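Next comes protein-v3.cif, with mmCIF, C-alpha atoms.
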```
data_upload
#
loop_
_atom_site.group_PDB
_atom_site.id
_atom_site.type_symbol
_atom_site.label_atom_id
_atom_site.label_comp_id
_atom_site.auth_asym_id
_atom_site.auth_seq_id
_atom_site.Cartn_x
_atom_site.Cartn_y
_atom_site.Cartn_z
ATOM 1 C CA MET A 1 -164.306 48.530 -55.827
ATOM 2 C CA PRO A 2 -163.085 45.657 -58.027
ATOM 3 C CA ILE A 3 -164.734 42.302 -57.612
ATOM 4 C CA THR A 4 -162.242 39.611 -56.725
ATOM 5 C CA PRO A 5 -163.110 35.953 -56.977
ATOM 6 C CA LYS A 6 -163.266 33.940 -53.795
ATOM 7 C CA LYS A 7 -160.801 31.186 -53.055
ATOM 8 C CA ASP A 8 -161.786 28.022 -54.867
ATOM 9 C CA ALA A 9 -164.796 29.655 -56.563
ATOM 10 C CA ASN A 10 -165.608 26.473 -58.485
ATOM 11 C CA ALA A 11 -166.086 24.380 -55.355
ATOM 12 C CA PHE A 12 -169.701 23.736 -54.494
ATOM 13 C CA PRO A 13 -170.069 24.506 -50.774
ATOM 14 C CA ILE A 14 -173.118 22.392 -49.919
ATOM 15 C CA PRO A 15 -171.883 18.977 -48.806
ATOM 16 C CA TYR A 16 -175.355 17.447 -48.977
ATOM 17 C CA LEU A 17 -175.421 17.902 -52.735
ATOM 18 C CA THR A 18 -171.833 16.886 -53.387
ATOM 19 C CA ASN A 19 -172.306 13.611 -51.465
ATOM 20 C CA TYR A 20 -175.769 12.936 -52.873
ATOM 21 C CA GLN A 21 -176.662 9.292 -53.542
ATOM 22 C CA PRO A 22 -179.663 9.142 -55.902
ATOM 23 C CA PRO A 23 -182.465 6.901 -54.614
ATOM 24 C CA SER A 24 -184.119 6.981 -58.085
ATOM 25 C CA ASN A 25 -186.858 9.464 -57.401
ATOM 26 C CA GLN A 26 -188.106 12.517 -59.313
ATOM 27 C CA MET A 27 -185.718 14.969 -57.642
ATOM 28 C CA ASP A 28 -182.623 13.305 -59.123
ATOM 29 C CA ILE A 29 -182.671 15.414 -62.294
ATOM 30 C CA THR A 30 -183.010 18.646 -60.334
ATOM 31 C CA ILE A 31 -180.276 17.788 -57.864
ATOM 32 C CA ASN A 32 -177.929 16.646 -60.631
ATOM 33 C CA THR A 33 -178.554 19.957 -62.418
ATOM 34 C CA PHE A 34 -177.692 21.839 -59.214
ATOM 35 C CA ILE A 35 -174.500 19.819 -58.852
ATOM 36 C CA LYS A 36 -173.507 20.355 -62.497
ATOM 37 C CA ASN A 37 -174.220 24.115 -62.508
ATOM 38 C CA GLY A 38 -173.408 24.827 -58.868
ATOM 39 C CA SER A 39 -170.613 27.336 -59.413
ATOM 40 C CA ALA A 40 -172.671 29.275 -61.982
ATOM 41 C CA LEU A 41 -175.635 29.405 -59.603
ATOM 42 C CA LEU A 42 -173.466 30.679 -56.782
ATOM 43 C CA ASN A 43 -171.849 33.295 -59.010
ATOM 44 C CA SER A 44 -175.260 34.560 -60.139
ATOM 45 C CA CYS A 45 -176.206 35.093 -56.494
ATOM 46 C CA ARG A 46 -172.834 36.449 -55.456
ATOM 47 C CA TYR A 47 -172.242 39.077 -58.173
ATOM 48 C CA PRO A 48 -174.533 41.922 -59.300
ATOM 49 C CA PHE A 49 -174.095 41.299 -63.042
ATOM 50 C CA SER A 50 -177.010 40.454 -65.323
ATOM 51 C CA ASN A 51 -177.464 40.176 -69.072
ATOM 52 C CA GLY A 52 -181.098 41.296 -68.780
ATOM 53 C CA PRO A 53 -180.590 44.876 -70.039
ATOM 54 C CA ILE A 54 -178.663 43.657 -73.101
ATOM 55 C CA GLU A 55 -181.312 41.037 -73.870
ATOM 56 C CA GLY A 56 -184.014 43.714 -73.613
ATOM 57 C CA LEU A 57 -182.145 45.971 -76.026
ATOM 58 C CA ASN A 58 -181.681 43.073 -78.459
ATOM 59 C CA ARG A 59 -185.422 42.375 -78.318
ATOM 60 C CA LYS A 60 -186.228 46.017 -79.096
ATOM 61 C CA ILE A 61 -183.794 46.060 -82.036
ATOM 62 C CA LYS A 62 -185.302 42.870 -83.473
ATOM 63 C CA ALA A 63 -188.811 44.307 -83.154
ATOM 64 C CA LEU A 64 -187.645 47.488 -84.909
ATOM 65 C CA LYS A 65 -186.064 45.381 -87.649
ATOM 66 C CA ARG A 66 -189.367 43.572 -88.234
ATOM 67 C CA ASN A 67 -191.422 46.783 -88.213
ATOM 68 C CA CYS A 68 -189.074 48.912 -90.338
ATOM 69 C CA PHE A 69 -188.408 46.472 -93.142
ATOM 70 C CA GLY A 70 -188.670 49.068 -95.945
ATOM 71 C CA PHE A 71 -185.908 51.520 -95.048
ATOM 72 C CA ARG A 72 -184.141 52.745 -98.181
ATOM 73 C CA ASN A 73 -181.041 53.749 -96.286
ATOM 74 C CA ILE A 74 -179.323 51.604 -93.651
ATOM 75 C CA ASP A 75 -178.162 54.784 -91.882
ATOM 76 C CA ASN A 76 -181.791 55.579 -91.019
ATOM 77 C CA PHE A 77 -182.073 52.159 -89.397
ATOM 78 C CA PHE A 78 -178.983 52.827 -87.262
ATOM 79 C CA ILE A 79 -180.361 56.237 -86.295
ATOM 80 C CA ARG A 80 -183.571 54.574 -85.083
ATOM 81 C CA ILE A 81 -181.515 52.063 -83.077
ATOM 82 C CA SER A 82 -179.598 54.889 -81.428
ATOM 83 C CA LEU A 83 -182.914 56.571 -80.544
ATOM 84 C CA ILE A 84 -184.144 53.363 -78.893
ATOM 85 C CA HIS A 85 -180.954 53.080 -76.849
ATOM 86 C CA GLU A 86 -181.318 56.562 -75.312
#
```

What's the structure tokens form of this structure?
Amino acid sequence: MPITPKKDANAFPIPYLTNYQPPSNQMDITINTFIKNGSALLNSCRYPFSNGPIEGLNRKIKALKRNCFGFRNIDNFFIRISLIHE
């Protein structure tokens, strides 16, 4: 089933945050961050996508690169990467 974006996906649906008047307290930075990144926050809750698996694979490849510094052949390095990915 293809994921279709909602109508006006960039609109932030919480009127309390869009009409927020800062009274100069400590929550202003947090609320302004929510307002600025509101559509991204909603999309992260709405859709099942995550970059976590890719970041984990990148971490494993970087650790392998540090540990296997002395490979004579770059093909051996790529073979080890393919073994990690399985």

The PyMOL selection byres ((chain A and resi 54-67) around 10) applied to the shown file, residues as a list in words =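 Applied to this file, the PyMOL selection byres ((chain A and resi 54-67) around 10) selects Ser50, Asn51, Gly52, Pro53, Cys68, Phe69, Gly70, Phe71, Phe77, Phe78, Arg80, Ile81, Ser82, Ile84 and His85 of chain A.
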
Atom-to-atom span, atom CA of A:Gly38 and atom CA of A:Gln21, Å |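 Here the two named atoms are 16.7 Å from each other.
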
Pairwise distance for atom CA of A:Glu86 and atom CA of A:Ser44, rounded to one decimal in Å | 27.4 Å

Quick one, how far is atom CA of A:Pro48 from atom CA of A:Lys36?
->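 Calculated distance between atom CA of A:Pro48 and atom CA of A:Lys36 is 21.8 Å.
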
As JSON, please: the centre and edge lengths in Å, to one decimal, of an axis-aligned box enclosing every listed atom of stretch 40-52 of chain A with 8 Å added on each side.
```
{"center_x": -176.5, "center_y": 35.6, "center_z": -62.3, "size_x": 25.2, "size_y": 28.6, "size_z": 29.6}
```
